[in-house]
>>> print(open('query.cif').read())   # mmCIF, C-alpha atoms
data_target
#
loop_
_atom_site.label_atom_id
_atom_site.label_comp_id
_atom_site.auth_asym_id
_atom_site.auth_seq_id
_atom_site.Cartn_x
_atom_site.Cartn_y
_atom_site.Cartn_z
CA MET A 598 0.00 0.00 0.00
CA PRO A 599 1.27 3.51 -0.72
CA THR A 600 2.31 5.80 2.10
CA THR A 601 -0.62 7.95 3.26
CA THR A 602 -0.28 11.59 2.26
CA SER A 603 -2.46 14.61 2.95
CA ARG A 604 -3.91 14.15 -0.56
CA GLY A 605 -4.61 10.50 0.23
CA ARG A 606 -6.26 11.42 3.53
CA ARG A 607 -8.51 13.92 1.74
CA ALA A 608 -9.40 11.28 -0.84
CA ALA A 609 -10.24 8.75 1.86
CA THR A 610 -12.38 11.33 3.62
CA ALA A 611 -14.24 12.13 0.41
CA GLY A 612 -14.84 8.45 -0.27
CA ALA A 613 -16.02 7.80 3.28
CA ALA A 614 -18.45 10.71 3.10
CA LEU A 615 -19.90 9.41 -0.14
CA LEU A 616 -20.32 5.91 1.24
CA ALA A 617 -22.00 7.31 4.32
CA ALA A 618 -24.43 9.17 2.07
CA LEU A 619 -25.09 6.06 -0.01
CA ALA A 620 -27.69 4.62 2.36
CA LEU A 621 -29.87 3.36 -0.45
CA GLY A 622 -33.28 1.83 0.13
CA ALA A 623 -35.96 0.73 -2.29
CA ALA A 624 -38.99 2.99 -2.26
CA GLY A 625 -42.26 1.54 -1.10
CA CYS A 626 -44.58 1.15 -2.85
CA GLY A 627 -39.82 -6.27 -26.84
CA PRO A 628 -38.96 -9.52 -27.90
CA ASP A 629 -35.39 -10.80 -27.92
CA GLY A 630 -33.77 -12.27 -31.01
CA PRO A 631 -30.41 -12.83 -32.69
CA ALA A 632 -28.01 -9.91 -32.54
CA ARG A 633 -27.76 -8.06 -35.83
CA PRO A 634 -24.45 -6.21 -36.14
CA ALA A 635 -24.67 -2.83 -37.82
CA THR A 636 -22.10 -3.21 -40.56
CA THR A 637 -22.90 0.12 -42.20
CA PRO A 638 -23.26 3.57 -40.60
CA LEU A 639 -26.72 4.27 -39.25
CA ALA A 640 -28.50 7.04 -41.15
CA LEU A 641 -29.58 9.98 -39.03
CA PRO A 642 -33.29 10.93 -39.12
CA ARG A 643 -34.26 13.39 -41.82
CA SER A 644 -34.90 16.19 -39.31
CA ALA A 645 -31.49 15.81 -37.68
CA PRO A 646 -28.77 18.44 -38.12
CA THR A 647 -25.87 17.66 -40.42
CA SER A 648 -23.46 17.21 -37.50
CA PRO A 649 -23.87 13.94 -35.55
CA GLY A 650 -22.53 15.78 -32.50
CA ASP A 651 -25.45 18.21 -32.44
CA LEU A 652 -28.89 16.67 -31.90
CA THR A 653 -30.59 19.70 -30.36
CA GLY A 654 -33.28 19.68 -33.04
CA TRP A 655 -34.35 16.09 -32.44
CA LYS A 656 -37.94 15.26 -31.56
CA VAL A 657 -39.51 12.12 -30.09
CA GLU A 658 -40.00 10.63 -33.55
CA ASP A 659 -36.29 11.14 -34.33
CA TRP A 660 -35.27 9.16 -31.27
CA ALA A 661 -37.85 6.50 -32.14
CA ARG A 662 -36.33 6.09 -35.63
CA HIS A 663 -32.85 5.97 -34.13
CA VAL A 664 -33.75 3.21 -31.68
CA ALA A 665 -35.51 1.19 -34.38
CA GLY A 666 -32.75 1.74 -36.91
CA SER A 667 -29.94 0.79 -34.53
CA ALA A 668 -31.21 -2.82 -34.70
CA PHE A 669 -30.41 -3.76 -31.13
CA ALA A 670 -31.42 -7.28 -30.14
CA ASN A 671 -30.06 -9.56 -27.45
CA ASP A 672 -29.61 -13.32 -27.50
CA ALA A 673 -28.83 -14.23 -23.88
CA PRO A 674 -31.19 -17.04 -22.81
CA PRO A 675 -31.55 -17.71 -19.06
CA GLY A 676 -28.55 -19.53 -17.66
CA SER A 677 -26.19 -18.50 -20.46
CA TRP A 678 -23.77 -16.90 -17.97
CA PRO A 679 -23.00 -19.46 -15.22
CA ALA A 680 -20.39 -18.55 -12.63
CA ALA A 681 -17.61 -20.38 -14.50
CA ARG A 682 -18.22 -18.33 -17.65
CA MET A 683 -18.27 -15.07 -15.68
CA ASP A 684 -15.01 -16.05 -14.01
CA ALA A 685 -13.32 -16.65 -17.38
CA ALA A 686 -14.44 -13.36 -18.99
CA ARG A 687 -11.67 -10.83 -19.57
CA GLY A 688 -11.99 -7.14 -18.79
CA ARG A 689 -13.25 -5.14 -21.75
CA PRO A 690 -10.27 -2.93 -22.70
CA THR A 691 -10.62 0.74 -21.88
CA PRO A 692 -9.84 2.85 -24.97
CA GLU A 693 -6.49 4.56 -24.43
CA TYR A 694 -5.39 8.14 -24.91
CA SER A 695 -2.13 9.56 -23.58
CA LEU A 696 -2.34 12.82 -21.66
CA THR A 697 1.44 13.18 -21.80
CA ALA A 698 1.93 12.79 -25.58
CA PRO A 699 1.72 15.92 -27.76
CA ALA A 700 -1.92 16.86 -28.29
CA ALA A 701 -3.37 16.81 -31.81
CA ASP A 702 -4.74 20.00 -33.30
CA GLY A 703 -8.04 20.99 -31.72
CA VAL A 704 -7.58 18.89 -28.58
CA GLU A 705 -7.98 20.82 -25.35
CA ARG A 706 -6.86 19.26 -22.09
CA ASP A 707 -5.75 20.10 -18.60
CA ALA A 708 -2.47 18.89 -17.13
CA PRO A 709 -2.49 15.15 -16.27
CA PRO A 710 -3.90 14.60 -12.77
CA ALA A 711 -1.97 12.97 -9.97
CA ALA A 712 -2.62 9.22 -9.92
CA VAL A 713 -5.10 8.06 -7.28
CA PRO A 714 -4.59 4.42 -6.23
CA ALA A 715 -7.69 2.26 -6.66
CA GLU A 716 -8.82 0.77 -3.35
CA PRO A 717 -10.73 -2.52 -3.00
CA GLN A 718 -14.23 -2.33 -1.56
CA PRO A 719 -14.43 -4.29 1.72
CA HIS A 720 -16.52 -7.48 1.74
CA PRO A 721 -19.41 -7.89 2.14
CA TYR A 722 -20.35 -4.89 0.03
CA GLY A 723 -22.67 -2.33 1.48
CA PRO A 724 -25.22 -0.29 -0.51
CA VAL A 725 -22.69 0.89 -3.13
CA GLY A 726 -21.84 -2.72 -3.96
CA SER A 727 -25.50 -3.45 -4.61
CA VAL A 728 -26.03 -0.79 -7.29
CA VAL A 729 -22.69 -1.32 -9.09
CA GLY A 730 -22.16 -4.56 -10.96
CA ARG A 731 -20.50 -6.28 -13.91
CA LEU A 732 -21.88 -6.26 -17.45
CA PHE A 733 -20.97 -9.40 -19.38
CA ALA A 734 -20.95 -9.69 -23.17
CA ALA A 735 -19.74 -11.89 -26.00
CA THR A 736 -17.42 -9.92 -28.29
CA PRO A 737 -15.55 -10.80 -31.49
CA GLN A 738 -12.45 -11.16 -29.29
CA GLY A 739 -14.16 -13.46 -26.74
CA ASP A 740 -16.19 -13.06 -23.55
CA ALA A 741 -15.64 -9.75 -21.81
CA ALA A 742 -16.87 -7.74 -18.85
CA CYS A 743 -17.42 -4.05 -18.14
CA SER A 744 -18.94 -2.27 -15.16
CA ALA A 745 -22.35 -0.60 -14.85
CA THR A 746 -24.68 1.07 -12.33
CA VAL A 747 -28.37 0.83 -11.42
CA VAL A 748 -29.80 4.32 -12.01
CA SER A 749 -33.10 5.84 -10.90
CA ASP A 750 -36.06 5.81 -13.29
CA PRO A 751 -38.10 9.04 -13.09
CA VAL A 752 -41.02 7.27 -14.76
CA ASN A 753 -41.10 4.42 -12.23
CA PRO A 754 -39.75 5.72 -8.90
CA GLY A 755 -38.59 2.90 -6.68
CA ARG A 756 -39.01 0.32 -9.46
CA SER A 757 -36.16 1.07 -11.86
CA ASP A 758 -34.93 -1.48 -14.38
CA LEU A 759 -32.46 0.99 -15.89
CA VAL A 760 -28.67 0.67 -15.98
CA LEU A 761 -25.99 3.09 -17.20
CA THR A 762 -22.65 2.07 -18.67
CA ALA A 763 -20.21 3.12 -21.42
CA ALA A 764 -21.19 2.95 -25.10
CA HIS A 765 -18.02 1.02 -25.93
CA CYS A 766 -19.25 -1.71 -23.58
CA LEU A 767 -22.30 -2.18 -25.84
CA HIS A 768 -21.39 -1.28 -29.41
CA GLU A 769 -18.10 -1.16 -31.33
CA GLY A 770 -18.88 2.10 -33.12
CA LYS A 771 -18.84 2.89 -36.84
CA GLY A 772 -18.39 -0.22 -38.94
CA GLY A 773 -18.97 -2.53 -35.97
CA GLY A 774 -22.00 -3.95 -34.24
CA TRP A 775 -23.67 -4.56 -30.91
CA LEU A 776 -21.96 -6.89 -28.47
CA ARG A 777 -23.95 -10.06 -27.80
CA ASN A 778 -25.23 -12.10 -24.85
CA LEU A 779 -25.47 -8.99 -22.68
CA VAL A 780 -26.23 -9.75 -19.02
CA PHE A 781 -25.90 -7.45 -15.99
CA VAL A 782 -24.91 -8.90 -12.60
CA PRO A 783 -25.38 -6.36 -9.77
CA GLY A 784 -23.32 -6.83 -6.62
CA PHE A 785 -21.05 -9.35 -8.34
CA ASN A 786 -19.16 -11.44 -5.74
CA ARG A 787 -20.60 -9.31 -2.93
CA ASP A 788 -19.38 -11.64 -0.19
CA GLY A 789 -15.92 -12.18 -1.66
CA ARG A 790 -16.10 -15.97 -1.69
CA MET A 791 -15.36 -16.57 -5.38
CA VAL A 792 -12.02 -18.15 -6.23
CA HIS A 793 -10.52 -17.94 -9.72
CA GLY A 794 -10.53 -21.26 -11.58
CA LYS A 795 -12.53 -23.09 -8.92
CA PRO A 796 -16.15 -24.30 -9.00
CA ASN A 797 -18.29 -21.42 -7.73
CA PRO A 798 -22.05 -21.63 -7.14
CA ASP A 799 -24.00 -19.16 -9.25
CA GLN A 800 -25.42 -17.55 -6.12
CA ARG A 801 -21.89 -16.71 -4.99
CA ALA A 802 -21.20 -14.80 -8.20
CA ALA A 803 -24.67 -13.30 -8.65
CA PRO A 804 -26.26 -12.66 -5.23
CA TYR A 805 -29.04 -10.56 -6.80
CA GLY A 806 -29.45 -12.78 -9.84
CA ARG A 807 -28.68 -12.17 -13.50
CA TRP A 808 -30.47 -9.52 -15.51
CA THR A 809 -30.81 -9.84 -19.27
CA VAL A 810 -30.48 -6.66 -21.32
CA VAL A 811 -33.73 -6.33 -23.30
CA ARG A 812 -33.31 -2.80 -24.72
CA ALA A 813 -30.31 -0.52 -25.23
CA LEU A 814 -29.51 2.94 -26.54
CA VAL A 815 -26.22 4.60 -27.42
CA SER A 816 -25.79 8.05 -28.92
CA PRO A 817 -26.21 8.29 -32.71
CA THR A 818 -22.81 9.96 -32.65
CA TRP A 819 -21.27 6.77 -31.29
CA LEU A 820 -22.64 4.79 -34.25
CA GLN A 821 -21.39 7.37 -36.76
CA GLU A 822 -17.77 7.64 -35.59
CA SER A 823 -14.89 5.36 -34.62
CA GLY A 824 -11.41 5.38 -33.12
CA VAL A 825 -10.38 7.36 -30.05
CA GLY A 826 -11.63 10.90 -30.32
CA ALA A 827 -14.61 13.20 -30.12
CA HIS A 828 -17.27 10.49 -30.01
CA HIS A 829 -15.96 9.45 -26.57
CA GLN A 830 -17.50 12.71 -25.39
CA TYR A 831 -20.77 10.74 -25.88
CA ASP A 832 -19.44 7.40 -24.58
CA TYR A 833 -22.47 6.38 -22.52
CA GLY A 834 -25.15 3.74 -22.97
CA ILE A 835 -28.56 3.19 -21.38
CA LEU A 836 -29.99 -0.28 -20.73
CA ARG A 837 -33.31 -1.76 -19.70
CA VAL A 838 -32.97 -5.16 -18.05
CA ARG A 839 -35.22 -8.04 -17.01
CA GLY A 840 -34.56 -10.57 -14.26
CA GLU A 841 -33.90 -14.13 -15.36
CA ASP A 842 -36.02 -15.52 -12.53
CA GLY A 843 -39.24 -14.20 -14.07
CA SER A 844 -40.52 -12.92 -10.72
CA GLY A 845 -41.55 -9.54 -12.11
CA LYS A 846 -39.70 -7.78 -9.31
CA SER A 847 -37.77 -4.72 -10.47
CA LEU A 848 -34.00 -4.42 -10.38
CA GLU A 849 -34.16 -1.53 -7.92
CA GLU A 850 -36.42 -3.46 -5.55
CA THR A 851 -34.12 -6.47 -5.77
CA VAL A 852 -30.85 -4.68 -4.98
CA GLY A 853 -32.37 -2.19 -2.53
CA GLY A 854 -31.82 1.11 -4.31
CA SER A 855 -30.61 3.13 -7.28
CA VAL A 856 -28.59 6.27 -7.98
CA PRO A 857 -30.07 9.35 -9.71
CA ILE A 858 -28.20 10.88 -12.63
CA TRP A 859 -27.23 14.53 -12.21
CA PHE A 860 -27.42 15.90 -15.74
CA ASN A 861 -25.71 19.23 -16.47
CA ALA A 862 -23.93 19.19 -13.12
CA PRO A 863 -22.14 22.56 -12.71
CA ARG A 864 -18.43 21.82 -12.83
CA ASP A 865 -17.66 24.34 -10.07
CA LEU A 866 -19.83 22.26 -7.71
CA ILE A 867 -17.94 19.02 -8.41
CA THR A 868 -15.22 19.13 -5.79
CA ALA A 869 -14.63 15.39 -5.26
CA VAL A 870 -15.47 12.28 -7.27
CA ALA A 871 -15.60 8.59 -6.37
CA ALA A 872 -15.30 6.29 -9.40
CA TYR A 873 -16.35 2.64 -9.04
CA GLY A 874 -15.78 -0.42 -11.18
CA TYR A 875 -14.53 -3.99 -11.47
CA PRO A 876 -10.97 -3.73 -12.89
CA ALA A 877 -9.80 -7.07 -14.27
CA GLU A 878 -6.33 -6.44 -15.71
CA ARG A 879 -3.25 -6.79 -13.48
CA PRO A 880 -2.80 -6.03 -10.67
CA PHE A 881 -6.57 -6.61 -10.35
CA ASP A 882 -8.49 -9.81 -11.11
CA GLY A 883 -12.08 -8.73 -11.84
CA LEU A 884 -13.47 -10.43 -8.77
CA ARG A 885 -13.56 -7.39 -6.53
CA LEU A 886 -15.22 -4.00 -6.71
CA ALA A 887 -12.73 -1.13 -6.49
CA HIS A 888 -12.96 2.64 -6.26
CA CYS A 889 -10.82 5.73 -6.81
CA ASP A 890 -11.61 8.65 -4.50
CA SER A 891 -10.43 11.80 -6.24
CA PRO A 892 -10.19 14.64 -3.69
CA VAL A 893 -10.17 17.47 -6.25
CA ALA A 894 -12.42 18.78 -9.00
CA PRO A 895 -12.01 16.81 -12.25
CA GLY A 896 -9.94 18.17 -15.09
CA ARG A 897 -11.15 18.49 -18.68
CA LEU A 898 -10.37 16.77 -21.96
CA SER A 899 -12.04 17.79 -25.22
CA PHE A 900 -11.47 16.58 -28.78
CA ASP A 901 -14.32 18.81 -30.02
CA ARG A 902 -15.10 21.99 -28.09
CA ASN A 903 -18.65 21.98 -29.48
CA ARG A 904 -19.46 18.82 -27.53
CA PRO A 905 -19.69 18.25 -23.77
CA PRO A 906 -16.17 17.65 -22.43
CA LEU A 907 -14.75 14.57 -20.79
CA TYR A 908 -14.07 14.83 -17.07
CA VAL A 909 -10.62 13.58 -16.02
CA ILE A 910 -9.59 12.19 -12.62
CA GLY A 911 -6.55 10.36 -11.30
CA CYS A 912 -7.30 6.63 -11.06
CA THR A 913 -5.33 3.38 -11.45
CA MET A 914 -8.24 1.07 -12.32
CA THR A 915 -7.67 -1.08 -15.42
CA ALA A 916 -9.65 -2.92 -18.13
CA GLY A 917 -13.04 -4.06 -16.92
CA SER A 918 -13.75 -0.85 -15.00
CA SER A 919 -15.12 0.87 -18.13
CA GLY A 920 -18.72 1.94 -17.68
CA GLY A 921 -18.49 2.10 -13.88
CA GLY A 922 -20.32 4.99 -12.25
CA TRP A 923 -18.73 8.21 -11.02
CA PHE A 924 -20.49 9.48 -7.89
CA VAL A 925 -20.63 12.86 -6.19
CA THR A 926 -22.54 13.94 -3.12
CA ARG A 927 -25.41 16.33 -3.77
CA ASP A 928 -27.65 17.52 -0.94
CA GLY A 929 -26.23 14.75 1.19
CA LYS A 930 -27.05 12.00 -1.31
CA PRO A 931 -25.04 10.25 -4.04
CA ASN A 932 -25.60 11.25 -7.66
CA LEU A 933 -24.00 9.84 -10.82
CA ILE A 934 -22.27 12.37 -13.09
CA SER A 935 -20.31 10.17 -15.52
CA VAL A 936 -19.05 6.68 -16.41
CA GLY A 937 -15.52 5.46 -17.11
CA ALA A 938 -14.69 5.86 -20.82
CA LEU A 939 -10.98 6.53 -21.52
CA GLY A 940 -7.71 5.79 -19.74
CA ASP A 941 -4.00 5.20 -20.18
CA ARG A 942 -2.41 1.84 -19.44
CA ASN A 943 1.21 3.05 -19.32
CA PRO A 944 1.14 4.35 -16.70
CA ALA A 945 -2.39 3.56 -15.51
CA GLY A 946 -2.89 6.91 -13.89
CA TYR A 947 -6.16 8.45 -15.02
CA GLN A 948 -9.70 7.86 -16.19
CA ALA A 949 -11.90 10.12 -18.31
CA GLY A 950 -15.68 10.06 -18.49
CA PRO A 951 -18.25 12.05 -20.50
CA ALA A 952 -20.03 15.00 -18.92
CA LEU A 953 -23.71 14.03 -19.09
CA GLN A 954 -25.32 17.14 -20.48
CA ASP A 955 -28.31 17.99 -22.69
CA GLN A 956 -27.98 15.24 -25.32
CA ALA A 957 -27.52 12.59 -22.63
CA LYS A 958 -30.58 13.86 -20.76
CA GLN A 959 -32.63 13.94 -23.95
CA ALA A 960 -31.64 10.33 -24.74
CA PHE A 961 -32.28 9.13 -21.17
CA ASP A 962 -35.68 10.84 -20.91
CA TYR A 963 -36.80 9.35 -24.21
CA PHE A 964 -35.56 5.89 -23.26
CA ALA A 965 -37.17 5.91 -19.80
CA LYS A 966 -40.55 7.01 -21.17
CA ASN A 967 -40.75 5.12 -24.43
CA VAL A 968 -38.41 2.12 -24.71
CA ARG A 969 -39.81 -1.01 -23.03
#
>>> encode(input="query.cif", output="structure tokens")
Amino acid sequence: MPTTTSRGRRAATAGAALLAALALGAAGCGPDGPARPATTPLALPRSAPTSPGDLTGWKVEDWARHVAGSAFANDAPPGSWPAARMDAARGRPTPEYSLTAPAADGVERDAPPAAVPAEPQPHPYGPVGSVVGRLFAATPQGDAACSATVVSDPVNPGRSDLVLTAAHCLHEGKGGGWLRNLVFVPGFNRDGRMVHGKPNPDQRAAPYGRWTVVRALVSPTWLQESGVGAHHQYDYGILRVRGEDGSGKSLEETVGGSVPIWFNAPRDLITAVAAYGYPAERPFDGLRLAHCDSPVAPGRLSFDRNRPPLYVIGCTMTAGSSGGGWFVTRDGKPNLISVGALGDRNPAGYQAGPALQDQAKQAFDYFAKNVR
């Protein structure tokens, strides 16, 4: 463990305050089919602006055409992700961008942040470990896992089936397709009793069960662009899930809570961030939830100044942590402001996540109200 510094003590304090605030409690009271990869760019609706980064003119019918045209379908039958398969999945690589290499023209960025060591979450997980989980998928490179968070549904308070993650955990971008066999496992390995390479009961890996992704949405910009660049400023994805057990109980009721999304969070009010995820690349193994408690306001990274920026924090989490939620305390309660999107393996010292502003809110509101 690193020597504790004043910065480290401030980070620990910020993380402890957030965990204390995260006393989550549940409020009282489309058909699946084979995945169809999008091998050609998705056409934007006729009423859309010419720039895929500017969707301010979109109406409900534009979003409806986008969802239909994106051709999402899932093919994860119940039981397709037993504990042994989850154990063998590799962390989905986090797209890499160096903050120390010379910046390309048009890129705006703050100085690289000081690295913040990722700390393991103690077992058994408390409320935060119930709303954060692992998202498993079959990819062209093999089985992989990202991280994701149960978020509040304004249409169904206390009964949310919505999950937020990174777009690159769902779709490969321009020229690629949707990942397959998508299943969300909240509170993965909550009690810490899984052992790599050993027989593990499914209940040990998935204490709250497995939740099949039945609907998904990523930004049209994500489907129109590729590589590492401006489309990562929209690197978020929204999921609707359904429990494999068929009980009809919502995800939020099952895990005991959810986290609201703070859209358009004023940057001057973000003074500390706690990023959570399941890093799976060395020195981590994917079996344990980890967090980076950044004690300072996030920096900024922008490939296109006309789009919402990426927030940047110091963090040493590795592949598999992509899509994990970034939490801040607002009015004494945790709110989600971003998800892990970019990083740098050598050295593994930072993470970047998209600022969830107007387009993200527009997409989320449409999805919550209309996509079942």
>>> closest_residue(input="query.cif", among="A:Ala894, A:Asp901, A:Leu652, A:Asn967", to="Val752 of chain A", atoms="only C-alpha atoms")
A:Asn967
>>> closest_atom_pairs(input="query.cif", of="segment 859-901 of chain A", to="segment 908-931 of chain A", cutoff="8 Å", atoms="only C-alpha atoms", output="CSV")
residue,atom,partner,partner_atom,distance
A:Ile867,CA,A:Val925,CA,7.1
A:Ala869,CA,A:Val925,CA,6.6
A:Val870,CA,A:Val925,CA,5.3
A:Ala871,CA,A:Phe924,CA,5.2
A:Ala872,CA,A:Trp923,CA,4.3
A:Tyr873,CA,A:Gly921,CA,5.3
A:Gly874,CA,A:Ser918,CA,4.3
A:Tyr875,CA,A:Ser918,CA,4.8
A:Pro876,CA,A:Ser918,CA,4.5
A:Ala877,CA,A:Gly917,CA,5.2
A:Glu878,CA,A:Ala916,CA,5.4
A:Arg879,CA,A:Thr915,CA,7.5
A:Phe881,CA,A:Thr915,CA,7.6
A:Gly883,CA,A:Gly917,CA,7.0
A:Ala887,CA,A:Met914,CA,7.7
A:His888,CA,A:Met914,CA,7.8
A:Cys889,CA,A:Cys912,CA,5.6
A:Ser891,CA,A:Ile910,CA,6.4
A:Pro895,CA,A:Val909,CA,5.2
A:Gly896,CA,A:Val909,CA,4.7
A:Arg897,CA,A:Tyr908,CA,5.0
A:Leu898,CA,A:Tyr908,CA,6.4
>>> residues_around(input="query.cif", residues="Ala803 of chain A", least_positions_apart="5", cutoff="9 Å", atoms="only C-alpha atoms", output="count of residues only")
8
>>> resolve_selection(input="query.cif", expression="the PyMOL selection byres ((chain A and resi 727) around 10)", output="PyMOL selection string")
chain A and resi 621+722-726+728-730+746-747+782-785+787+804-805+849+851-855
>>> resolve_selection(input="query.cif", expression="the PyMOL selection byres ((chain A and resi 789-795) around 9)", output="list in words")
Ala681, Asp684, Ala685, Pro719, His720, Pro721, Tyr722, Phe785, Asn786, Arg787, Asp788, Pro796, Asn797, Pro798, Arg801, Ala802, Asp882, Leu884 and Arg885 of chain A
>>> residues_around(input="query.cif", residues="Arg777 of chain A", least_positions_apart="2", cutoff="10 Å", atoms="only C-alpha atoms", output="PyMOL selection string")
chain A and resi 631-634+669-673+733-737+740+767-768+774-775+779-780+810
>>> atom_distance(input="query.cif", atom1="atom CA of Gly806 of chain A", atom2="atom CA of Arg756 of chain A")
16.2 Å
>>> closest_residue(input="query.cif", among="A:Ala668, A:Met683, A:Val825, A:Ala715", to="Leu776 of chain A", atoms="only C-alpha atoms")
A:Ala668
>>> residues_around(input="query.cif", residues="Lys966 of chain A", least_positions_apart="2", cutoff="12 Å", atoms="only C-alpha atoms", output="JSON, numbers by chain")
{"A": [657, 660, 661, 750, 751, 752, 753, 757, 759, 837, 959, 960, 961, 962, 963, 964, 968, 969]}
>>> residues_around(input="query.cif", residues="Asp955 of chain A", least_positions_apart="6", cutoff="9 Å", atoms="all atoms listed in the file", output="NGL selection string")
:A and (653 or 860-861 or 905)
>>> axis_aligned_box(input="query.cif", around="segment 820-838 of chain A", padding_each_side="4 Å", output="JSON")
{"center_x": -21.8, "center_y": 4.0, "center_z": -27.4, "size_x": 30.9, "size_y": 26.4, "size_z": 26.7}
>>> resolve_selection(input="query.cif", expression="the PyMOL selection byres ((chain A and resi 693) around 9)", output="PyMOL selection string")
chain A and resi 690-692+694-695+825+939-942
>>> atom_distance(input="query.cif", atom1="atom CA of Gly676 of chain A", atom2="atom CA of Ala763 of chain A")
24.4 Å
>>> closest_residue(input="query.cif", among="A:Leu886, A:Ala708, A:Val760, A:Val811", to="Leu696 of chain A", atoms="all atoms listed in the file")
A:Ala708
>>> residues_around(input="query.cif", residues="Val856 of chain A", least_positions_apart="5", cutoff="6 Å", atoms="only C-alpha atoms", output="PDB file with C-alpha atoms, in the coordinates of the input")
ATOM      1  CA  VAL A 748     -29.800   4.320 -12.010  1.00  0.00           C
ATOM      2  CA  SER A 749     -33.100   5.840 -10.900  1.00  0.00           C
ATOM      3  CA  ASN A 932     -25.600  11.250  -7.660  1.00  0.00           C
TER       4      ASN A 932
END
>>> closest_residue(input="query.cif", among="A:Ala764, A:Val893, A:Leu836, A:Val664", to="Pro951 of chain A", atoms="only C-alpha atoms")
A:Ala764
>>> atom_distance(input="query.cif", atom1="atom CA of Glu850 of chain A", atom2="atom CA of Thr809 of chain A")
16.1 Å
>>> decode(input="query.cif", residues="segment 794-799 of chain A", atoms="all heavy atoms", output="PDB file, in the first residue's frame")
ATOM      1  N   GLY A 794     -10.841 -19.927 -11.093  1.00  0.00           N
ATOM      2  CA  GLY A 794     -10.525 -21.257 -11.575  1.00  0.00           C
ATOM      3  C   GLY A 794     -11.101 -22.388 -10.759  1.00  0.00           C
ATOM      4  O   GLY A 794     -10.823 -23.553 -11.049  1.00  0.00           O
ATOM      5  N   LYS A 795     -11.913 -22.074  -9.762  1.00  0.00           N
ATOM      6  CA  LYS A 795     -12.526 -23.094  -8.916  1.00  0.00           C
ATOM      7  C   LYS A 795     -14.029 -23.135  -9.179  1.00  0.00           C
ATOM      8  O   LYS A 795     -14.613 -22.156  -9.644  1.00  0.00           O
ATOM      9  CB  LYS A 795     -12.274 -22.799  -7.438  1.00  0.00           C
ATOM     10  CG  LYS A 795     -10.813 -22.709  -7.052  1.00  0.00           C
ATOM     11  CD  LYS A 795     -10.137 -24.065  -7.107  1.00  0.00           C
ATOM     12  CE  LYS A 795      -8.692 -23.972  -6.611  1.00  0.00           C
ATOM     13  NZ  LYS A 795      -8.003 -25.282  -6.669  1.00  0.00           N
ATOM     14  N   PRO A 796     -14.689 -24.264  -8.873  1.00  0.00           N
ATOM     15  CA  PRO A 796     -16.151 -24.297  -9.000  1.00  0.00           C
ATOM     16  C   PRO A 796     -16.782 -23.299  -8.027  1.00  0.00           C
ATOM     17  O   PRO A 796     -16.493 -23.316  -6.833  1.00  0.00           O
ATOM     18  CB  PRO A 796     -16.511 -25.745  -8.621  1.00  0.00           C
ATOM     19  CG  PRO A 796     -15.250 -26.524  -8.816  1.00  0.00           C
ATOM     20  CD  PRO A 796     -14.132 -25.581  -8.486  1.00  0.00           C
ATOM     21  N   ASN A 797     -17.624 -22.420  -8.555  1.00  0.00           N
ATOM     22  CA  ASN A 797     -18.289 -21.422  -7.733  1.00  0.00           C
ATOM     23  C   ASN A 797     -19.795 -21.476  -7.991  1.00  0.00           C
ATOM     24  O   ASN A 797     -20.228 -21.379  -9.144  1.00  0.00           O
ATOM     25  CB  ASN A 797     -17.791 -20.014  -8.089  1.00  0.00           C
ATOM     26  CG  ASN A 797     -16.345 -19.789  -7.705  1.00  0.00           C
ATOM     27  OD1 ASN A 797     -16.008 -19.688  -6.539  1.00  0.00           O
ATOM     28  ND2 ASN A 797     -15.478 -19.711  -8.707  1.00  0.00           N
ATOM     29  N   PRO A 798     -20.598 -21.646  -6.937  1.00  0.00           N
ATOM     30  CA  PRO A 798     -22.051 -21.634  -7.137  1.00  0.00           C
ATOM     31  C   PRO A 798     -22.495 -20.309  -7.760  1.00  0.00           C
ATOM     32  O   PRO A 798     -21.924 -19.253  -7.482  1.00  0.00           O
ATOM     33  CB  PRO A 798     -22.606 -21.795  -5.713  1.00  0.00           C
ATOM     34  CG  PRO A 798     -21.485 -22.385  -4.918  1.00  0.00           C
ATOM     35  CD  PRO A 798     -20.226 -21.849  -5.538  1.00  0.00           C
ATOM     36  N   ASP A 799     -23.518 -20.369  -8.603  1.00  0.00           N
ATOM     37  CA  ASP A 799     -24.003 -19.157  -9.250  1.00  0.00           C
ATOM     38  C   ASP A 799     -24.410 -18.093  -8.240  1.00  0.00           C
ATOM     39  O   ASP A 799     -24.206 -16.900  -8.465  1.00  0.00           O
ATOM     40  CB  ASP A 799     -25.194 -19.481 -10.165  1.00  0.00           C
ATOM     41  CG  ASP A 799     -24.766 -20.220 -11.429  1.00  0.00           C
ATOM     42  OD1 ASP A 799     -23.549 -20.424 -11.606  1.00  0.00           O
ATOM     43  OD2 ASP A 799     -25.644 -20.587 -12.228  1.00  0.00           O
TER      44      ASP A 799
END
